[in-house]
file my_file-v7.cif (mmCIF, N, CA and C atoms)
data_input
loop_
_atom_site.label_atom_id
_atom_site.label_comp_id
_atom_site.auth_asym_id
_atom_site.auth_seq_id
_atom_site.Cartn_x
_atom_site.Cartn_y
_atom_site.Cartn_z
N MET T 15 -18.36 16.43 14.92
CA MET T 15 -17.98 15.39 13.99
C MET T 15 -16.98 14.45 14.66
N THR T 16 -17.23 13.16 14.52
CA THR T 16 -16.34 12.15 15.07
C THR T 16 -15.86 11.25 13.95
N LEU T 17 -14.56 11.13 13.81
CA LEU T 17 -13.97 10.20 12.86
C LEU T 17 -13.79 8.86 13.55
N THR T 18 -13.86 7.80 12.77
CA THR T 18 -13.65 6.46 13.30
C THR T 18 -12.30 5.95 12.81
N LEU T 19 -11.48 5.50 13.72
CA LEU T 19 -10.17 4.95 13.40
C LEU T 19 -10.22 3.44 13.64
N THR T 20 -9.90 2.69 12.60
CA THR T 20 -9.86 1.22 12.71
C THR T 20 -8.48 0.75 12.30
N VAL T 21 -7.81 0.07 13.20
CA VAL T 21 -6.50 -0.52 12.89
C VAL T 21 -6.74 -1.99 12.57
N TYR T 22 -6.57 -2.34 11.31
CA TYR T 22 -6.80 -3.73 10.89
C TYR T 22 -5.58 -4.61 11.18
N ARG T 23 -4.42 -4.00 11.05
CA ARG T 23 -3.20 -4.78 11.31
C ARG T 23 -2.07 -3.78 11.55
N GLY T 24 -1.15 -4.15 12.41
CA GLY T 24 0.02 -3.33 12.66
C GLY T 24 0.24 -2.95 14.11
N THR T 25 -0.62 -3.40 15.00
CA THR T 25 -0.42 -3.08 16.42
C THR T 25 0.25 -4.22 17.18
N GLN T 26 0.08 -5.43 16.73
CA GLN T 26 0.63 -6.59 17.44
C GLN T 26 1.83 -7.21 16.73
N GLN T 27 2.24 -6.61 15.60
CA GLN T 27 3.37 -7.13 14.84
C GLN T 27 4.00 -6.00 14.06
N ILE T 28 5.21 -6.23 13.60
CA ILE T 28 5.87 -5.26 12.73
C ILE T 28 5.57 -5.66 11.30
N GLY T 29 5.04 -4.74 10.55
CA GLY T 29 4.75 -5.00 9.14
C GLY T 29 3.30 -5.30 8.90
N GLY T 30 2.89 -5.09 7.66
CA GLY T 30 1.52 -5.37 7.28
C GLY T 30 0.55 -4.28 7.71
N SER T 31 1.03 -3.06 7.83
CA SER T 31 0.19 -1.96 8.32
C SER T 31 -1.04 -1.75 7.44
N CYS T 32 -2.18 -1.55 8.08
CA CYS T 32 -3.43 -1.25 7.39
C CYS T 32 -4.37 -0.59 8.38
N ILE T 33 -4.65 0.70 8.14
CA ILE T 33 -5.46 1.51 9.05
C ILE T 33 -6.52 2.24 8.25
N GLU T 34 -7.72 2.36 8.79
CA GLU T 34 -8.79 3.10 8.12
C GLU T 34 -9.24 4.26 9.00
N ILE T 35 -9.39 5.41 8.36
CA ILE T 35 -10.00 6.58 9.00
C ILE T 35 -11.30 6.85 8.24
N ALA T 36 -12.43 6.79 8.94
CA ALA T 36 -13.74 6.93 8.30
C ALA T 36 -14.46 8.17 8.82
N HIS T 37 -15.03 8.90 7.89
CA HIS T 37 -15.84 10.08 8.20
C HIS T 37 -17.29 9.63 8.32
N PRO T 38 -18.09 10.29 9.15
CA PRO T 38 -19.50 9.89 9.30
C PRO T 38 -20.29 9.91 7.99
N ASP T 39 -19.87 10.73 7.00
CA ASP T 39 -20.60 10.77 5.73
C ASP T 39 -20.26 9.59 4.81
N GLY T 40 -19.35 8.72 5.26
CA GLY T 40 -19.02 7.53 4.49
C GLY T 40 -17.67 7.58 3.80
N ASP T 41 -17.04 8.76 3.69
CA ASP T 41 -15.71 8.84 3.09
C ASP T 41 -14.71 8.06 3.94
N ARG T 42 -13.82 7.35 3.26
CA ARG T 42 -12.83 6.53 3.98
C ARG T 42 -11.44 6.74 3.41
N LEU T 43 -10.47 6.81 4.29
CA LEU T 43 -9.07 6.87 3.92
C LEU T 43 -8.39 5.64 4.50
N ILE T 44 -7.75 4.87 3.63
CA ILE T 44 -6.99 3.70 4.07
C ILE T 44 -5.53 4.11 4.10
N LEU T 45 -4.94 4.09 5.28
CA LEU T 45 -3.53 4.42 5.42
C LEU T 45 -2.72 3.12 5.36
N ASP T 46 -2.07 2.94 4.26
CA ASP T 46 -1.21 1.78 4.00
C ASP T 46 -2.02 0.51 3.73
N ALA T 47 -1.48 -0.30 2.89
CA ALA T 47 -2.00 -1.63 2.59
C ALA T 47 -0.78 -2.54 2.52
N GLY T 48 -0.22 -2.80 3.69
CA GLY T 48 1.07 -3.45 3.76
C GLY T 48 1.03 -4.97 3.77
N ARG T 49 2.05 -5.53 3.17
CA ARG T 49 2.25 -6.99 3.16
C ARG T 49 2.92 -7.39 4.47
N PRO T 50 2.35 -8.36 5.19
CA PRO T 50 3.00 -8.81 6.42
C PRO T 50 4.42 -9.31 6.15
N LEU T 51 5.34 -8.98 7.03
CA LEU T 51 6.73 -9.39 6.83
C LEU T 51 6.91 -10.90 6.82
N ASP T 52 6.03 -11.62 7.53
CA ASP T 52 6.17 -13.07 7.61
C ASP T 52 5.33 -13.81 6.56
N ALA T 53 4.78 -13.07 5.59
CA ALA T 53 3.96 -13.72 4.54
C ALA T 53 4.85 -14.55 3.62
N PRO T 54 4.43 -15.77 3.29
CA PRO T 54 5.21 -16.58 2.36
C PRO T 54 5.30 -15.91 0.99
N GLU T 55 6.40 -16.13 0.31
CA GLU T 55 6.59 -15.60 -1.04
C GLU T 55 5.44 -16.04 -1.94
N GLY T 56 4.86 -15.10 -2.65
CA GLY T 56 3.78 -15.40 -3.58
C GLY T 56 2.40 -15.56 -2.97
N ALA T 57 2.31 -15.47 -1.64
CA ALA T 57 1.01 -15.63 -0.97
C ALA T 57 0.08 -14.48 -1.36
N THR T 58 -1.20 -14.80 -1.59
CA THR T 58 -2.20 -13.79 -1.90
C THR T 58 -3.34 -13.91 -0.88
N GLY T 59 -4.30 -13.00 -1.00
CA GLY T 59 -5.44 -13.03 -0.07
C GLY T 59 -5.06 -12.55 1.31
N LEU T 60 -4.10 -11.63 1.39
CA LEU T 60 -3.57 -11.20 2.68
C LEU T 60 -4.17 -9.89 3.20
N VAL T 61 -5.04 -9.27 2.41
CA VAL T 61 -5.72 -8.06 2.89
C VAL T 61 -6.61 -8.48 4.06
N PRO T 62 -6.61 -7.74 5.16
CA PRO T 62 -7.46 -8.13 6.29
C PRO T 62 -8.91 -8.34 5.85
N ALA T 63 -9.48 -9.46 6.22
CA ALA T 63 -10.84 -9.83 5.80
C ALA T 63 -11.88 -8.82 6.27
N SER T 64 -11.60 -8.15 7.38
CA SER T 64 -12.58 -7.20 7.91
C SER T 64 -12.56 -5.84 7.20
N LEU T 65 -11.60 -5.62 6.30
CA LEU T 65 -11.58 -4.38 5.52
C LEU T 65 -12.63 -4.48 4.42
N ASP T 66 -13.60 -3.59 4.47
CA ASP T 66 -14.72 -3.61 3.52
C ASP T 66 -14.24 -3.09 2.16
N ARG T 67 -14.11 -4.01 1.21
CA ARG T 67 -13.67 -3.64 -0.14
C ARG T 67 -14.84 -3.40 -1.08
N THR T 68 -16.08 -3.41 -0.55
CA THR T 68 -17.25 -3.16 -1.40
C THR T 68 -17.61 -1.68 -1.44
N ARG T 69 -17.11 -0.90 -0.49
CA ARG T 69 -17.40 0.54 -0.44
C ARG T 69 -16.18 1.33 -0.92
N PRO T 70 -16.40 2.49 -1.53
CA PRO T 70 -15.27 3.30 -2.02
C PRO T 70 -14.34 3.72 -0.89
N ALA T 71 -13.08 3.91 -1.25
CA ALA T 71 -12.08 4.40 -0.31
C ALA T 71 -10.93 5.00 -1.12
N THR T 72 -10.14 5.81 -0.46
CA THR T 72 -8.90 6.34 -1.02
C THR T 72 -7.77 5.78 -0.18
N VAL T 73 -6.67 5.42 -0.85
CA VAL T 73 -5.53 4.81 -0.15
C VAL T 73 -4.38 5.81 -0.14
N LEU T 74 -3.76 5.96 1.02
CA LEU T 74 -2.58 6.80 1.16
C LEU T 74 -1.43 5.91 1.64
N ILE T 75 -0.39 5.82 0.83
CA ILE T 75 0.78 5.01 1.19
C ILE T 75 1.77 5.94 1.89
N SER T 76 2.12 5.61 3.12
CA SER T 76 2.96 6.49 3.94
C SER T 76 4.41 6.54 3.46
N HIS T 77 4.95 5.40 3.09
CA HIS T 77 6.33 5.35 2.60
C HIS T 77 6.57 4.04 1.85
N PRO T 78 7.68 3.95 1.10
CA PRO T 78 7.84 2.86 0.14
C PRO T 78 8.42 1.55 0.64
N HIS T 79 8.03 1.11 1.81
CA HIS T 79 8.39 -0.24 2.26
C HIS T 79 7.23 -1.17 1.96
N GLN T 80 7.51 -2.40 1.52
CA GLN T 80 6.44 -3.32 1.14
C GLN T 80 5.49 -3.63 2.28
N ASP T 81 5.94 -3.51 3.51
CA ASP T 81 5.02 -3.75 4.62
C ASP T 81 4.06 -2.57 4.81
N HIS T 82 4.13 -1.59 3.89
CA HIS T 82 3.18 -0.48 3.88
C HIS T 82 2.43 -0.35 2.56
N TRP T 83 2.97 -0.94 1.46
CA TRP T 83 2.28 -0.85 0.16
C TRP T 83 2.11 -2.19 -0.54
N GLY T 84 2.65 -3.25 -0.02
CA GLY T 84 2.75 -4.52 -0.74
C GLY T 84 1.47 -5.23 -1.09
N LEU T 85 0.31 -4.77 -0.60
CA LEU T 85 -0.96 -5.44 -0.93
C LEU T 85 -1.87 -4.57 -1.79
N VAL T 86 -1.38 -3.48 -2.35
CA VAL T 86 -2.26 -2.62 -3.15
C VAL T 86 -2.83 -3.35 -4.36
N GLU T 87 -2.12 -4.35 -4.86
CA GLU T 87 -2.62 -5.12 -6.00
C GLU T 87 -3.91 -5.87 -5.67
N GLU T 88 -4.16 -6.11 -4.39
CA GLU T 88 -5.35 -6.84 -3.96
C GLU T 88 -6.53 -5.92 -3.61
N LEU T 89 -6.32 -4.63 -3.71
CA LEU T 89 -7.40 -3.68 -3.43
C LEU T 89 -8.20 -3.43 -4.71
N PRO T 90 -9.43 -2.96 -4.57
CA PRO T 90 -10.24 -2.68 -5.77
C PRO T 90 -9.55 -1.67 -6.69
N PRO T 91 -9.55 -1.92 -7.98
CA PRO T 91 -8.87 -1.02 -8.92
C PRO T 91 -9.51 0.36 -9.00
N THR T 92 -10.71 0.52 -8.48
CA THR T 92 -11.37 1.82 -8.49
C THR T 92 -10.91 2.73 -7.36
N TRP T 93 -10.20 2.19 -6.39
CA TRP T 93 -9.73 3.00 -5.27
C TRP T 93 -8.50 3.78 -5.70
N PRO T 94 -8.52 5.12 -5.63
CA PRO T 94 -7.32 5.89 -5.95
C PRO T 94 -6.25 5.66 -4.89
N ILE T 95 -5.00 5.67 -5.34
CA ILE T 95 -3.86 5.47 -4.45
C ILE T 95 -2.97 6.70 -4.53
N TRP T 96 -2.66 7.25 -3.38
CA TRP T 96 -1.82 8.44 -3.29
C TRP T 96 -0.55 8.12 -2.51
N THR T 97 0.55 8.70 -2.96
CA THR T 97 1.81 8.67 -2.24
C THR T 97 2.66 9.79 -2.81
N GLY T 98 3.77 10.09 -2.18
CA GLY T 98 4.66 11.12 -2.69
C GLY T 98 5.40 10.66 -3.93
N SER T 99 5.91 11.59 -4.71
CA SER T 99 6.59 11.23 -5.95
C SER T 99 7.86 10.42 -5.67
N GLY T 100 8.58 10.77 -4.61
CA GLY T 100 9.77 9.99 -4.26
C GLY T 100 9.41 8.57 -3.87
N SER T 101 8.35 8.42 -3.10
CA SER T 101 7.89 7.08 -2.72
C SER T 101 7.46 6.29 -3.95
N ALA T 102 6.75 6.93 -4.87
CA ALA T 102 6.31 6.25 -6.08
C ALA T 102 7.50 5.72 -6.87
N LYS T 103 8.57 6.51 -6.95
CA LYS T 103 9.77 6.07 -7.67
C LYS T 103 10.42 4.87 -6.98
N LEU T 104 10.51 4.92 -5.66
CA LEU T 104 11.11 3.79 -4.93
C LEU T 104 10.25 2.54 -5.00
N ILE T 105 8.94 2.70 -4.99
CA ILE T 105 8.05 1.55 -5.14
C ILE T 105 8.26 0.91 -6.50
N ALA T 106 8.45 1.72 -7.53
CA ALA T 106 8.71 1.19 -8.87
C ALA T 106 10.01 0.39 -8.90
N VAL T 107 11.04 0.90 -8.26
CA VAL T 107 12.32 0.19 -8.20
C VAL T 107 12.16 -1.12 -7.44
N THR T 108 11.46 -1.09 -6.31
CA THR T 108 11.24 -2.29 -5.53
C THR T 108 10.49 -3.33 -6.35
N GLY T 109 9.48 -2.90 -7.11
CA GLY T 109 8.74 -3.83 -7.96
C GLY T 109 9.66 -4.51 -8.95
N ASP T 110 10.62 -3.75 -9.51
CA ASP T 110 11.56 -4.33 -10.47
C ASP T 110 12.47 -5.35 -9.81
N ILE T 111 12.96 -5.01 -8.63
CA ILE T 111 13.89 -5.90 -7.93
C ILE T 111 13.20 -7.19 -7.51
N THR T 112 11.97 -7.11 -7.05
CA THR T 112 11.28 -8.29 -6.56
C THR T 112 10.48 -9.00 -7.65
N ARG T 113 10.53 -8.48 -8.87
CA ARG T 113 9.79 -9.04 -10.02
C ARG T 113 8.28 -8.94 -9.82
N ARG T 114 7.86 -7.99 -8.97
CA ARG T 114 6.45 -7.71 -8.79
C ARG T 114 6.17 -6.41 -9.54
N PRO T 115 4.97 -6.23 -10.03
CA PRO T 115 4.69 -4.97 -10.72
C PRO T 115 4.74 -3.80 -9.76
N GLY T 116 5.13 -2.65 -10.29
CA GLY T 116 5.05 -1.42 -9.51
C GLY T 116 3.61 -0.97 -9.49
N LEU T 117 3.39 0.23 -9.04
CA LEU T 117 2.03 0.76 -9.00
C LEU T 117 1.69 1.43 -10.32
N ASN T 118 0.51 1.20 -10.81
CA ASN T 118 -0.01 1.92 -11.96
C ASN T 118 -1.51 2.01 -11.74
N ARG T 119 -1.91 2.75 -10.72
CA ARG T 119 -3.28 2.79 -10.28
C ARG T 119 -3.68 4.22 -9.98
N GLY T 120 -4.87 4.59 -10.32
CA GLY T 120 -5.42 5.87 -9.90
C GLY T 120 -4.50 7.04 -10.20
N ASP T 121 -4.18 7.80 -9.18
CA ASP T 121 -3.37 8.99 -9.34
C ASP T 121 -1.88 8.71 -9.22
N VAL T 122 -1.49 7.47 -9.04
CA VAL T 122 -0.09 7.11 -8.95
C VAL T 122 0.27 6.32 -10.18
N ASP T 123 1.35 6.69 -10.81
CA ASP T 123 1.85 5.94 -11.96
C ASP T 123 3.32 5.68 -11.72
N ALA T 124 3.63 4.55 -11.14
CA ALA T 124 5.01 4.17 -10.86
C ALA T 124 5.25 2.83 -11.54
N ARG T 125 6.29 2.78 -12.34
CA ARG T 125 6.57 1.56 -13.09
C ARG T 125 7.96 1.04 -12.75
N PRO T 126 8.17 -0.27 -12.88
CA PRO T 126 9.51 -0.79 -12.62
C PRO T 126 10.54 -0.10 -13.50
N LEU T 127 11.67 0.21 -12.92
CA LEU T 127 12.71 0.94 -13.60
C LEU T 127 14.04 0.36 -13.18
N LEU T 128 14.88 -0.02 -14.14
CA LEU T 128 16.20 -0.54 -13.84
C LEU T 128 17.11 0.62 -13.48
N VAL T 129 17.73 0.55 -12.31
CA VAL T 129 18.62 1.60 -11.86
C VAL T 129 19.99 1.00 -11.63
N VAL T 130 21.00 1.58 -12.27
CA VAL T 130 22.37 1.15 -12.07
C VAL T 130 23.13 2.32 -11.48
N ALA T 131 23.79 2.09 -10.37
CA ALA T 131 24.50 3.16 -9.70
C ALA T 131 25.88 2.68 -9.30
N ALA T 132 26.82 3.58 -9.31
CA ALA T 132 28.17 3.26 -8.85
C ALA T 132 28.54 4.25 -7.77
N ILE T 133 29.17 3.76 -6.74
CA ILE T 133 29.62 4.62 -5.65
C ILE T 133 31.14 4.61 -5.67
N THR T 134 31.72 5.78 -5.76
CA THR T 134 33.17 5.87 -5.76
C THR T 134 33.60 6.81 -4.65
N LYS T 135 34.83 6.63 -4.20
CA LYS T 135 35.35 7.50 -3.13
C LYS T 135 36.10 8.64 -3.74
#
call {"tool": "encode", "arguments": {"input": "my_file-v7.cif", "output": "structure tokens"}}
result
Amino acid sequence: MTLTLTVYRGTQQIGGSCIEIAHPDGDRLILDAGRPLDAPEGATGLVPASLDRTRPATVLISHPHQDHWGLVEELPPTWPIWTGSGSAKLIAVTGDITRRPGLNRGDVDARPLLVVAAITK
């Protein structure tokens, strides 16, 4: 069995990570769907054009930086999205801070949450 690894973005720049691991039977895992760091505010249509969004896939978000999850809103809503519970919570907070929605897709349910913290010595 040979898996196919396709790096759509993330080798020539920092940010915007998007990698696919494909099994010969057609199963696909998309590792990260990141927003490029140099993308203009509010820009859409940033998912790599060569990523086939017509076939099923599962998305795994590695960690809660927008350059790894910031384009999930542009992926097909039928694709399940997986990440750790801590990452899901941080993604929800980031969505609140940036006024972008958090994740509420597939197996991940992370919503914007206002967090107030005080640090004392």
call {"tool": "atom_distance", "arguments": {"input": "my_file-v7.cif", "atom1": "CA of Pro78 in chain T", "atom2": "atom C of Leu17 in chain T"}}
result
26.1 Å
call {"tool": "closest_residue", "arguments": {"input": "my_file-v7.cif", "among": "T:Ala53, T:Thr108, T:Leu60, T:Pro70", "to": "Thr92 in chain T", "atoms": "all atoms listed in the file"}}
result
T:Pro70
call {"tool": "atom_distance", "arguments": {"input": "my_file-v7.cif", "atom1": "atom N of Thr68 in chain T", "atom2": "atom N of Pro94 in chain T"}}
result
12.5 Å
call {"tool": "atom_distance", "arguments": {"input": "my_file-v7.cif", "atom1": "atom C of Pro38 in chain T", "atom2": "atom N of Gly24 in chain T"}}
result
24.2 Å
call {"tool": "resolve_selection", "arguments": {"input": "my_file-v7.cif", "expression": "the PyMOL selection byres ((chain T and resi 93) around 6.5)", "output": "list in words"}}
result
Pro70, Ala71, Thr72, Val73, Leu89, Pro90, Pro91, Thr92, Pro94, Ile95, Arg119 and Gly120 of chain T
call {"tool": "closest_residue", "arguments": {"input": "my_file-v7.cif", "among": "T:Met15, T:Val21, T:Asp66, T:Leu85", "to": "Ala47 in chain T", "atoms": "all atoms listed in the file"}}
result
T:Leu85
call {"tool": "closest_residue", "arguments": {"input": "my_file-v7.cif", "among": "T:His79, T:Tyr22, T:Glu88, T:Trp96", "to": "Gly59 in chain T", "atoms": "all atoms listed in the file"}}
result
T:Glu88
